[in-house]
$ cat entry_17.txt   # compact mmCIF, C-alpha atoms (C1' of nucleotides)
# COMPACT_ATOMS: atom_id res chain seq x y z
CA MET D 1 9.24 35.30 13.36
CA ALA D 2 8.72 32.43 10.99
CA ARG D 3 6.28 29.88 12.31
CA GLU D 4 5.79 26.65 10.39
CA MET D 5 9.28 26.75 9.01
CA VAL D 6 10.41 23.97 6.66
CA ARG D 7 14.08 23.15 6.70
CA GLN D 8 15.69 22.49 3.37
CA GLY D 9 19.41 22.10 3.86
CA GLY D 10 21.92 19.96 5.70
CA ARG D 11 20.90 16.80 7.47
CA SER D 12 17.31 16.84 6.37
CA ALA D 13 18.22 17.11 2.70
CA ARG D 14 20.91 14.46 3.02
CA ILE D 15 18.44 12.00 4.52
CA GLN D 16 15.92 12.69 1.81
CA SER D 17 18.36 11.97 -1.00
CA GLU D 18 19.78 8.98 0.84
CA VAL D 19 16.34 7.43 1.21
CA HIS D 20 15.42 8.21 -2.38
CA ARG D 21 18.59 6.61 -3.64
CA THR D 22 18.00 3.52 -1.53
CA VAL D 23 14.46 3.11 -2.83
CA GLN D 24 15.65 3.39 -6.42
CA ASP D 25 18.34 0.80 -5.77
CA LEU D 26 15.86 -1.59 -4.19
CA LEU D 27 13.42 -1.18 -7.07
CA LYS D 28 16.09 -2.41 -9.47
CA THR D 29 16.75 -5.52 -7.41
CA MET D 30 13.37 -6.63 -6.17
CA ASP D 31 9.64 -6.44 -6.71
CA ARG D 32 7.70 -3.52 -5.29
CA GLY D 33 5.61 -5.79 -3.10
CA GLU D 34 8.70 -7.08 -1.30
CA ILE D 35 9.98 -3.68 -0.25
CA THR D 36 9.29 -2.60 3.33
CA VAL D 37 9.94 0.57 5.28
CA PRO D 38 12.32 -1.06 7.82
CA MET D 39 14.28 -2.45 4.89
CA ILE D 40 14.69 0.97 3.32
CA ALA D 41 15.56 2.43 6.70
CA GLU D 42 18.37 0.00 7.36
CA LYS D 43 19.92 0.28 3.89
CA SER D 44 19.94 4.07 4.05
CA GLY D 45 21.16 4.32 7.62
CA VAL D 46 18.04 5.96 9.02
CA THR D 47 15.55 4.83 11.63
CA PRO D 48 12.13 3.68 10.45
CA SER D 49 10.35 6.25 12.58
CA THR D 50 12.00 9.03 10.59
CA ILE D 51 10.61 7.66 7.36
CA TYR D 52 7.14 7.23 8.79
CA ARG D 53 7.18 10.76 10.17
CA ARG D 54 8.35 12.37 6.96
CA TRP D 55 6.40 10.39 4.39
CA GLY D 56 3.51 8.88 6.31
CA ASP D 57 3.65 5.43 4.81
CA LEU D 58 5.33 3.34 2.14
CA SER D 59 3.00 4.26 -0.70
CA GLU D 60 3.53 7.97 -0.16
CA LEU D 61 7.28 7.50 -0.14
CA LEU D 62 7.17 5.44 -3.32
CA ALA D 63 5.01 8.08 -4.97
CA ASP D 64 7.44 10.78 -3.93
CA VAL D 65 10.37 8.85 -5.39
CA ALA D 66 8.44 8.13 -8.58
CA VAL D 67 7.61 11.79 -9.14
CA ALA D 68 11.23 12.73 -8.55
CA ARG D 69 12.33 10.16 -11.11
CA MET D 70 9.81 11.36 -13.64
CA ARG D 71 10.89 14.97 -13.29
CA PRO D 72 12.55 15.71 -16.61
CA VAL D 73 16.14 16.84 -16.63
CA ALA D 74 16.03 18.48 -20.04
CA ASP D 75 13.65 19.67 -22.73
CA PRO D 76 12.63 17.16 -25.37
CA GLU D 77 14.98 16.79 -28.31
CA ASP D 78 14.74 19.27 -31.18
CA THR D 79 14.59 17.34 -34.44
CA GLY D 80 13.84 20.31 -36.66
CA ALA D 81 10.15 19.75 -37.38
CA MET D 82 6.97 19.46 -35.36
CA GLY D 83 5.98 16.05 -36.61
CA SER D 84 9.27 14.37 -35.86
CA ASP D 85 9.59 16.25 -32.56
CA LEU D 86 6.26 14.86 -31.44
CA GLU D 87 6.95 11.37 -32.66
CA THR D 88 10.37 11.25 -31.03
CA PHE D 89 9.02 12.47 -27.73
CA ILE D 90 6.08 10.10 -27.70
CA LEU D 91 8.14 7.07 -28.62
CA GLN D 92 10.53 7.76 -25.78
CA TYR D 93 7.67 8.50 -23.39
CA ALA D 94 5.86 5.27 -24.25
CA GLU D 95 9.01 3.21 -23.92
CA GLU D 96 9.81 4.66 -20.50
CA MET D 97 6.30 4.27 -19.18
CA SER D 98 5.74 0.76 -20.48
CA SER D 99 8.95 -0.60 -19.00
CA LYS D 100 8.87 -2.45 -15.71
CA VAL D 101 10.08 0.51 -13.69
CA GLY D 102 7.81 2.85 -15.63
CA ARG D 103 4.72 0.81 -14.82
CA SER D 104 5.84 0.64 -11.23
CA MET D 105 6.22 4.43 -11.12
CA LEU D 106 2.78 4.92 -12.62
CA ALA D 107 1.23 2.60 -10.07
CA ASP D 108 3.02 4.35 -7.21
CA VAL D 109 1.98 7.79 -8.39
CA LEU D 110 -1.64 6.76 -8.79
CA GLY D 111 -1.62 4.86 -5.51
CA SER D 112 -1.06 7.87 -3.30
CA MET D 113 -4.00 9.85 -2.05
CA GLU D 114 -2.28 12.61 -0.08
CA GLY D 115 -0.09 15.09 -1.84
CA ASP D 116 -0.53 15.70 -5.54
CA ALA D 117 1.80 13.18 -7.10
CA ALA D 118 -0.52 12.44 -10.00
CA GLY D 119 -1.10 16.08 -10.82
CA ARG D 120 2.55 17.03 -10.70
CA CYS D 121 3.45 14.03 -12.78
CA CYS D 122 1.06 14.74 -15.64
CA GLN D 123 2.09 18.39 -15.51
CA PHE D 124 5.53 17.27 -16.72
CA THR D 125 3.96 15.76 -19.80
CA TYR D 126 1.86 18.85 -20.39
CA ASP D 127 4.90 21.11 -20.11
CA HIS D 128 6.89 19.05 -22.58
CA LEU D 129 4.11 19.13 -25.11
CA GLU D 130 3.74 22.87 -24.56
CA THR D 131 7.45 23.26 -25.29
CA LEU D 132 7.05 21.36 -28.55
CA ARG D 133 4.08 23.50 -29.48
CA GLU D 134 5.89 26.79 -28.88
CA ARG D 135 8.89 25.51 -30.77
CA ALA D 136 6.65 24.68 -33.72
CA LEU D 137 5.07 28.12 -33.67
CA THR D 138 8.41 29.93 -33.71
CA ARG D 139 9.36 27.81 -36.71
CA GLY D 140 6.25 29.06 -38.47
CA GLU D 141 4.50 25.69 -38.29
CA GLY D 142 0.86 25.49 -37.36
CA GLY D 143 1.31 24.19 -33.85
CA PHE D 144 -1.25 22.03 -32.11
CA ASP D 145 -3.60 21.97 -29.15
CA VAL D 146 -1.82 20.42 -26.19
CA ASN D 147 -4.99 19.17 -24.54
CA GLU D 148 -6.01 17.42 -27.72
CA ALA D 149 -2.59 15.84 -28.01
CA ILE D 150 -3.01 14.47 -24.52
CA ASP D 151 -6.47 13.09 -25.31
CA SER D 152 -5.46 11.62 -28.66
CA ILE D 153 -1.97 10.32 -27.99
CA VAL D 154 -0.96 10.26 -24.33
CA ALA D 155 -4.24 9.01 -22.85
CA PRO D 156 -4.49 5.88 -25.03
CA ILE D 157 -0.87 5.01 -24.31
CA ILE D 158 -1.34 5.31 -20.57
CA TYR D 159 -4.65 3.45 -20.72
CA HIS D 160 -3.18 0.43 -22.46
CA ILE D 161 -0.14 0.36 -20.21
CA LEU D 162 -2.26 0.43 -17.07
CA PHE D 163 -4.82 -2.13 -18.21
CA ARG D 164 -2.31 -4.33 -20.02
CA ASP D 165 -4.76 -4.96 -22.84
CA ARG D 166 -2.48 -4.19 -25.77
CA GLU D 167 1.18 -4.39 -26.64
CA MET D 168 2.83 -0.99 -26.59
CA THR D 169 4.67 -1.18 -29.90
CA PRO D 170 6.45 1.74 -31.60
CA ASP D 171 4.17 1.20 -34.61
CA TYR D 172 1.08 1.73 -32.51
CA CYS D 173 2.53 4.93 -31.04
CA ARG D 174 3.48 6.19 -34.47
CA SER D 175 -0.03 5.58 -35.73
CA LEU D 176 -1.48 7.60 -32.88
CA VAL D 177 0.86 10.50 -33.65
CA ALA D 178 0.22 10.28 -37.39
CA ARG D 179 -3.53 10.35 -36.95
CA PHE D 180 -3.31 13.30 -34.62
CA LEU D 181 -1.18 15.27 -37.08
CA GLU D 182 -3.64 14.57 -39.89
CA LYS D 183 -6.41 15.90 -37.72
CA CYS D 184 -4.38 19.06 -37.06
CA ALA D 185 -3.73 19.62 -40.75
CA GLY D 186 -7.39 19.09 -41.59
CA ALA D 187 -8.62 21.61 -39.01
CA MET B 188 -8.18 -38.27 -9.34
CA ALA B 189 -8.49 -34.53 -9.32
CA ARG B 190 -5.37 -32.86 -8.02
CA GLU B 191 -5.40 -29.09 -7.49
CA MET B 192 -9.10 -28.98 -6.89
CA VAL B 193 -10.78 -25.66 -6.15
CA ARG B 194 -13.85 -25.76 -3.98
CA GLN B 195 -16.69 -23.54 -5.04
CA GLY B 196 -19.70 -24.24 -2.86
CA GLY B 197 -20.81 -24.18 0.74
CA ARG B 198 -18.65 -22.66 3.42
CA SER B 199 -16.02 -21.32 1.09
CA ALA B 200 -18.54 -19.47 -1.04
CA ARG B 201 -20.36 -18.11 1.98
CA ILE B 202 -17.17 -16.67 3.41
CA GLN B 203 -16.28 -15.04 0.12
CA SER B 204 -19.62 -13.28 -0.20
CA GLU B 205 -19.59 -12.36 3.49
CA VAL B 206 -16.18 -10.74 3.17
CA HIS B 207 -17.11 -8.96 -0.05
CA ARG B 208 -20.24 -7.56 1.52
CA THR B 209 -18.33 -6.37 4.56
CA VAL B 210 -15.74 -4.59 2.40
CA GLN B 211 -18.44 -2.82 0.42
CA ASP B 212 -20.15 -1.73 3.62
CA LEU B 213 -16.93 -0.39 5.06
CA LEU B 214 -16.13 1.51 1.86
CA LYS B 215 -19.37 3.43 2.23
CA THR B 216 -18.58 4.44 5.78
CA MET B 217 -14.88 5.16 5.80
CA ASP B 218 -11.88 6.04 3.70
CA ARG B 219 -9.93 3.30 1.98
CA GLY B 220 -6.76 4.10 3.89
CA GLU B 221 -8.48 3.41 7.22
CA ILE B 222 -9.62 -0.09 6.34
CA THR B 223 -7.58 -2.99 7.68
CA VAL B 224 -7.72 -6.74 7.29
CA PRO B 225 -8.41 -7.48 10.99
CA MET B 226 -11.27 -4.97 10.81
CA ILE B 227 -12.84 -6.74 7.84
CA ALA B 228 -12.27 -10.09 9.51
CA GLU B 229 -14.09 -9.16 12.68
CA LYS B 230 -17.09 -7.56 10.94
CA SER B 231 -17.56 -10.58 8.71
CA GLY B 232 -17.01 -13.18 11.41
CA VAL B 233 -13.89 -14.68 9.91
CA THR B 234 -10.35 -14.94 11.21
CA PRO B 235 -7.72 -12.66 9.66
CA SER B 236 -5.56 -15.60 8.65
CA THR B 237 -8.33 -16.86 6.39
CA ILE B 238 -8.38 -13.57 4.52
CA TYR B 239 -4.61 -13.45 4.21
CA ARG B 240 -4.51 -17.00 2.93
CA ARG B 241 -7.25 -16.52 0.37
CA TRP B 242 -6.43 -13.05 -0.94
CA GLY B 243 -2.80 -12.54 -0.03
CA ASP B 244 -3.10 -8.98 1.18
CA LEU B 245 -5.49 -6.07 1.50
CA SER B 246 -4.85 -4.60 -1.94
CA GLU B 247 -5.61 -7.89 -3.65
CA LEU B 248 -8.83 -8.23 -1.71
CA LEU B 249 -9.88 -4.69 -2.54
CA ALA B 250 -9.10 -5.30 -6.21
CA ASP B 251 -11.17 -8.47 -6.15
CA VAL B 252 -14.12 -6.63 -4.62
CA ALA B 253 -13.75 -3.76 -7.08
CA VAL B 254 -13.83 -6.09 -10.08
CA ALA B 255 -16.90 -7.82 -8.70
CA ARG B 256 -18.63 -4.47 -8.29
CA MET B 257 -17.69 -3.38 -11.78
CA ARG B 258 -19.06 -6.57 -13.33
CA PRO B 259 -22.09 -5.37 -15.24
CA VAL B 260 -25.49 -6.82 -14.38
CA ALA B 261 -27.12 -5.95 -17.68
CA ASP B 262 -26.38 -4.83 -21.22
CA PRO B 263 -26.24 -1.09 -21.86
CA GLU B 264 -29.54 0.61 -22.54
CA ASP B 265 -30.98 0.50 -26.05
CA THR B 266 -31.97 4.01 -27.10
CA GLY B 267 -32.72 3.18 -30.71
CA ALA B 268 -29.71 4.68 -32.44
CA MET B 269 -25.96 4.16 -32.32
CA GLY B 270 -25.11 7.76 -31.50
CA SER B 271 -27.41 8.04 -28.54
CA ASP B 272 -26.54 4.52 -27.37
CA LEU B 273 -22.89 5.45 -27.26
CA GLU B 274 -23.48 8.80 -25.61
CA THR B 275 -25.78 7.32 -22.98
CA PHE B 276 -23.34 4.57 -22.14
CA ILE B 277 -20.33 6.87 -21.95
CA LEU B 278 -22.09 9.45 -19.79
CA GLN B 279 -23.05 6.78 -17.29
CA TYR B 280 -19.61 5.22 -17.43
CA ALA B 281 -17.88 8.54 -16.80
CA GLU B 282 -20.17 9.41 -13.95
CA GLU B 283 -19.65 6.07 -12.24
CA MET B 284 -15.89 6.13 -12.65
CA SER B 285 -15.41 9.73 -11.59
CA SER B 286 -17.41 9.33 -8.40
CA LYS B 287 -15.66 8.75 -5.13
CA VAL B 288 -16.33 5.01 -5.11
CA GLY B 289 -15.47 4.78 -8.80
CA ARG B 290 -12.08 6.37 -8.34
CA SER B 291 -11.50 4.12 -5.38
CA MET B 292 -12.35 1.05 -7.46
CA LEU B 293 -10.03 2.17 -10.24
CA ALA B 294 -7.20 2.69 -7.80
CA ASP B 295 -7.80 -0.72 -6.24
CA VAL B 296 -7.92 -2.49 -9.58
CA LEU B 297 -4.73 -0.83 -10.80
CA GLY B 298 -2.99 -1.34 -7.48
CA SER B 299 -2.95 -5.12 -7.63
CA MET B 300 -0.11 -6.88 -9.35
CA GLU B 301 -1.16 -10.50 -9.00
CA GLY B 302 -4.26 -11.77 -10.71
CA ASP B 303 -5.63 -9.91 -13.69
CA ALA B 304 -7.99 -7.42 -12.13
CA ALA B 305 -7.11 -4.67 -14.59
CA GLY B 306 -7.52 -6.89 -17.62
CA ARG B 307 -10.85 -8.33 -16.52
CA CYS B 308 -12.10 -4.88 -15.65
CA CYS B 309 -11.36 -3.28 -19.02
CA GLN B 310 -12.79 -6.34 -20.72
CA PHE B 311 -16.19 -5.32 -19.33
CA THR B 312 -15.92 -2.00 -21.11
CA TYR B 313 -14.81 -3.69 -24.31
CA ASP B 314 -17.73 -6.10 -24.20
CA HIS B 315 -20.25 -3.33 -23.69
CA LEU B 316 -18.90 -1.39 -26.63
CA GLU B 317 -18.94 -4.55 -28.70
CA THR B 318 -22.61 -5.01 -27.81
CA LEU B 319 -23.38 -1.48 -28.97
CA ARG B 320 -21.49 -2.07 -32.21
CA GLU B 321 -23.36 -5.28 -33.02
CA ARG B 322 -26.64 -3.63 -32.17
CA ALA B 323 -25.81 -0.80 -34.58
CA LEU B 324 -24.94 -3.25 -37.34
CA THR B 325 -28.22 -5.16 -37.01
CA ARG B 326 -30.02 -1.83 -37.28
CA GLY B 327 -28.21 -1.22 -40.55
CA GLU B 328 -26.06 1.57 -39.15
CA GLY B 329 -22.38 1.76 -40.01
CA GLY B 330 -21.05 0.52 -36.69
CA PHE B 331 -17.67 1.53 -35.35
CA ASP B 332 -14.29 0.15 -34.39
CA VAL B 333 -14.34 -0.76 -30.71
CA ASN B 334 -10.60 -0.27 -30.23
CA GLU B 335 -10.81 3.19 -31.71
CA ALA B 336 -13.71 4.03 -29.44
CA ILE B 337 -11.58 3.03 -26.47
CA ASP B 338 -8.66 5.14 -27.66
CA SER B 339 -10.78 8.16 -28.54
CA ILE B 340 -13.37 8.20 -25.76
CA VAL B 341 -12.67 5.84 -22.89
CA ALA B 342 -8.92 6.44 -22.57
CA PRO B 343 -9.15 10.24 -22.21
CA ILE B 344 -11.90 9.88 -19.62
CA ILE B 345 -9.89 7.44 -17.53
CA TYR B 346 -6.73 9.50 -17.93
CA HIS B 347 -8.31 12.67 -16.59
CA ILE B 348 -10.01 10.86 -13.74
CA LEU B 349 -6.78 9.22 -12.64
CA PHE B 350 -4.60 12.31 -12.94
CA ARG B 351 -7.26 14.72 -11.69
CA ASP B 352 -6.22 17.33 -14.24
CA ARG B 353 -9.63 18.15 -15.66
CA GLU B 354 -13.23 18.26 -14.52
CA MET B 355 -15.20 15.31 -15.85
CA THR B 356 -18.26 17.20 -17.12
CA PRO B 357 -21.02 15.68 -19.25
CA ASP B 358 -20.24 18.32 -21.88
CA TYR B 359 -16.68 17.11 -22.18
CA CYS B 360 -17.82 13.50 -22.53
CA ARG B 361 -20.36 14.47 -25.14
CA SER B 362 -17.70 16.31 -27.14
CA LEU B 363 -15.51 13.21 -27.13
CA VAL B 364 -18.38 11.07 -28.39
CA ALA B 365 -19.39 13.61 -30.99
CA ARG B 366 -15.89 13.92 -32.38
CA PHE B 367 -15.56 10.16 -32.56
CA LEU B 368 -18.82 9.80 -34.45
CA GLU B 369 -17.75 12.47 -36.95
CA LYS B 370 -14.55 10.56 -37.54
CA CYS B 371 -16.56 7.38 -38.16
CA ALA B 372 -18.83 9.11 -40.63
CA GLY B 373 -15.88 10.62 -42.47
CA ALA B 374 -14.06 7.33 -42.89
C1' DA A 375 -21.33 -43.83 3.77
C1' DC A 376 -16.32 -43.24 3.40
C1' DC A 377 -11.98 -41.03 1.99
C1' DT A 378 -9.22 -37.39 0.58
C1' DT A 379 -7.79 -32.90 1.11
C1' DA A 380 -9.08 -27.81 0.37
C1' DA A 381 -10.13 -24.43 3.31
C1' DC A 382 -10.84 -22.86 7.84
C1' DG A 383 -9.98 -21.55 13.08
C1' DC A 384 -6.88 -20.85 16.70
C1' DA A 385 -2.76 -19.14 18.76
C1' DA A 386 2.10 -18.19 18.90
C1' DA A 387 5.88 -15.96 16.59
C1' DT A 388 7.35 -12.44 13.76
C1' DT A 389 7.32 -8.11 11.60
C1' DC A 390 5.59 -3.59 10.86
C1' DT A 391 3.71 0.85 12.65
C1' DT A 392 2.87 4.38 16.07
C1' DA A 393 3.99 7.42 19.93
C1' DG A 394 6.65 9.46 23.82
C1' DC A 395 10.73 11.67 25.00
C1' DG A 396 15.35 13.22 24.91
C1' DT A 397 18.97 14.93 21.52
C1' DT A 398 20.89 17.07 17.38
C1' DA A 399 21.48 20.64 14.28
C1' DG A 400 19.18 24.27 10.79
C1' DC A 401 17.93 28.95 10.59
C1' DC A 402 17.26 33.47 12.55
C1' DG A 403 18.39 37.78 15.05
C1' DC A 404 21.86 39.90 17.13
C1' DG M 405 30.08 33.89 14.72
C1' DC M 406 27.16 33.23 19.17
C1' DG M 407 23.05 31.88 21.29
C1' DG M 408 18.14 30.90 21.18
C1' DC M 409 14.40 28.58 19.10
C1' DT M 410 12.47 24.59 17.29
C1' DA M 411 12.10 21.30 13.12
C1' DA M 412 13.67 17.05 12.43
C1' DC M 413 16.05 13.11 14.01
C1' DG M 414 17.27 8.74 17.05
C1' DC M 415 15.93 5.61 20.44
C1' DT M 416 12.74 2.62 22.66
C1' DA M 417 8.61 0.64 24.12
C1' DA M 418 3.82 -0.16 23.18
C1' DG M 419 0.46 -1.46 19.88
C1' DA M 420 -1.21 -3.41 15.51
C1' DA M 421 -0.78 -6.13 11.57
C1' DT M 422 1.04 -10.22 9.17
C1' DT M 423 2.88 -14.88 8.87
C1' DT M 424 3.16 -19.65 10.23
C1' DG M 425 2.34 -24.28 12.35
C1' DC M 426 -0.98 -27.44 13.56
C1' DG M 427 -5.36 -29.41 14.55
C1' DT M 428 -10.31 -29.36 12.81
C1' DT M 429 -14.17 -28.95 9.60
C1' DA M 430 -16.58 -29.93 5.58
C1' DA M 431 -16.66 -30.21 -0.08
C1' DG M 432 -16.69 -33.27 -3.61
C1' DG M 433 -15.59 -37.53 -5.59
C1' DT M 434 -15.88 -42.77 -5.32
$ encode --input "entry_17.txt" --output "structure tokens"
Amino acid sequence: MAREMVRQGGRSARIQSEVHRTVQDLLKTMDRGEITVPMIAEKSGVTPSTIYRRWGDLSELLADVAVARMRPVADPEDTGAMGSDLETFILQYAEEMSSKVGRSMLADVLGSMEGDAAGRCCQFTYDHLETLRERALTRGEGGFDVNEAIDSIVAPIIYHILFRDREMTPDYCRSLVARFLEKCAGA
Amino acid sequence: MAREMVRQGGRSARIQSEVHRTVQDLLKTMDRGEITVPMIAEKSGVTPSTIYRRWGDLSELLADVAVARMRPVADPEDTGAMGSDLETFILQYAEEMSSKVGRSMLADVLGSMEGDAAGRCCQFTYDHLETLRERALTRGEGGFDVNEAIDSIVAPIIYHILFRDREMTPDYCRSLVARFLEKCAGA
DNA sequence: ACCTTAACGCAAATTCTTAGCGTTAGCCGC
DNA sequence: GCGGCTAACGCTAAGAATTTGCGTTAAGGT
């Protein structure tokens, strides 16, 4: 006898994907501050009360959608060497995150208290870096410490995006990666 | 003939400080998600419409209060040497930001789109570091690059606080400072 | 002291959120 | 594949928050 069952198929799943799709559509058209729950409900053919019951409030729903959008669909590209792997990944990461929708996703993820949107979201980054590290090791390269990569490369990028105190140029990202690789070689 | 005048004294100022004080009081008592504009209005003896007209919405008001609270009242402590100055400042900074109210302030500041709460807030940090740098130079010490200090020390601290993926221990902060100082000496 | 108008208070209108209750449709055992 | 159980939904009404129009108060300049 299964108490506390959570249904995963059929109607429930259809509504979830319908609502997610609607939110993503709306985010393309309008500013995040303009979006309301009744608006999402109407466009996705669901009643508002359903959305409130399932997600609690707008910020939780937005965080849920943001995490789903951030979930990677594939491993980072294999360019043949650790340095270029890392640089390629970071450049793409920085471009995604610094775009309008990327900043919006970051804000949504960080704006939710319930759930663990933030944790799950930064786990994606960690896993990608871990993939790059293992790939480097199997090639016979030295590898790198994932936590240090996050501190040296990812954290500054996120910081400047969030606080809008510096342009997020490819050159800046490349310099962060280059300095990190030097440090690895020196150690 | 002054068009677009902004009044700064008397009633207007009193209401602003009254509302700020009320918000700070409420933040001590209850969770941020429970606070509402009508609640703040009643406790501070103001009508809700006044708050909406002045601040736009709750998140803007919370961001405004958070920035005001973050505004430093004094320069960072002078411990006599650059290394200990930096370590002392960073330890205090990390402790403040990782506390419950600190995380709440960060979330509020990053949650506002209008205004420039985020920019003004990280400017405080920049200014403090700049003060420490100048102090070091007048002592005859080597000084350091403020932007690099932000990337190497401040950014990782903020990243881990926001994403809750690592305990913010004094030891960790000290290791960040120590590694940064080594890098300075080596350059 | 007077004039202009930014900023406020009040109250009605609108919109969003919550909660009760009946209905639909997944999932399980048979 | 049939029926029972109940999670999840729709509907609706009550409650709370937000917006808006309009009259009033009081800052700041002349």
$ interface_residues --input "entry_17.txt" --of "chain A" --to "chain D" --cutoff "10 Å" --atoms "only C-alpha atoms (C1' of nucleotides)" --output "PDB file with C-alpha atoms (C1' of nucleotides), in the frame of the given file"
ATOM      1  C1'  DT A 389       7.320  -8.110  11.600  1.00  0.00           C
ATOM      2  C1'  DC A 390       5.590  -3.590  10.860  1.00  0.00           C
ATOM      3  C1'  DT A 391       3.710   0.850  12.650  1.00  0.00           C
ATOM      4  C1'  DT A 392       2.870   4.380  16.070  1.00  0.00           C
ATOM      5  C1'  DA A 393       3.990   7.420  19.930  1.00  0.00           C
ATOM      6  C1'  DT A 398      20.890  17.070  17.380  1.00  0.00           C
ATOM      7  C1'  DA A 399      21.480  20.640  14.280  1.00  0.00           C
ATOM      8  C1'  DG A 400      19.180  24.270  10.790  1.00  0.00           C
ATOM      9  C1'  DC A 401      17.930  28.950  10.590  1.00  0.00           C
ATOM     10  C1'  DC A 402      17.260  33.470  12.550  1.00  0.00           C
ATOM     11  C1'  DG A 403      18.390  37.780  15.050  1.00  0.00           C
TER      12       DG A 403
END
$ interface_residues --input "entry_17.txt" --of "chain M" --to "chain B" --cutoff "12 Å" --atoms "only C-alpha atoms (C1' of nucleotides)" --output "MDAnalysis selection string"
chainID M and resid 420:424 429:434
$ write_last_selection --input "entry_17.txt" --atoms "C-alpha atoms (C1' of nucleotides)" --output "PDB file, in the coordinates of the input"
ATOM      1  C1'  DA M 420      -1.210  -3.410  15.510  1.00  0.00           C
ATOM      2  C1'  DA M 421      -0.780  -6.130  11.570  1.00  0.00           C
ATOM      3  C1'  DT M 422       1.040 -10.220   9.170  1.00  0.00           C
ATOM      4  C1'  DT M 423       2.880 -14.880   8.870  1.00  0.00           C
ATOM      5  C1'  DT M 424       3.160 -19.650  10.230  1.00  0.00           C
ATOM      6  C1'  DT M 429     -14.170 -28.950   9.600  1.00  0.00           C
ATOM      7  C1'  DA M 430     -16.580 -29.930   5.580  1.00  0.00           C
ATOM      8  C1'  DA M 431     -16.660 -30.210  -0.080  1.00  0.00           C
ATOM      9  C1'  DG M 432     -16.690 -33.270  -3.610  1.00  0.00           C
ATOM     10  C1'  DG M 433     -15.590 -37.530  -5.590  1.00  0.00           C
ATOM     11  C1'  DT M 434     -15.880 -42.770  -5.320  1.00  0.00           C
TER      12       DT M 434
END
$ interface_residues --input "entry_17.txt" --of "chain D" --to "chain B" --cutoff "10 Å" --atoms "all atoms listed in the file" --output "ChimeraX atom specification"
/D:32-33,104,106-113,116-123,148,150-160,162-166,176,183
$ closest_residue --input "entry_17.txt" --among "D:Gly83, D:Gly115, D:Gly56, D:Gly45" --to "Val177 (chain D)" --atoms "all atoms listed in the file"
D:Gly83
$ axis_aligned_box --input "entry_17.txt" --around "region 384-391 of chain A" --padding-each-side "5 Å" --output "lines of an AutoDock Vina configuration file"
center_x = 0.2
center_y = -10.0
center_z = 14.9
size_x = 24.2
size_y = 31.7
size_z = 18.0
$ closest_residue --input "entry_17.txt" --among "D:Ser98, D:Gly142, D:Ser44, D:Thr50" --to "DG414 (chain M)" --atoms "all atoms listed in the file"
D:Thr50
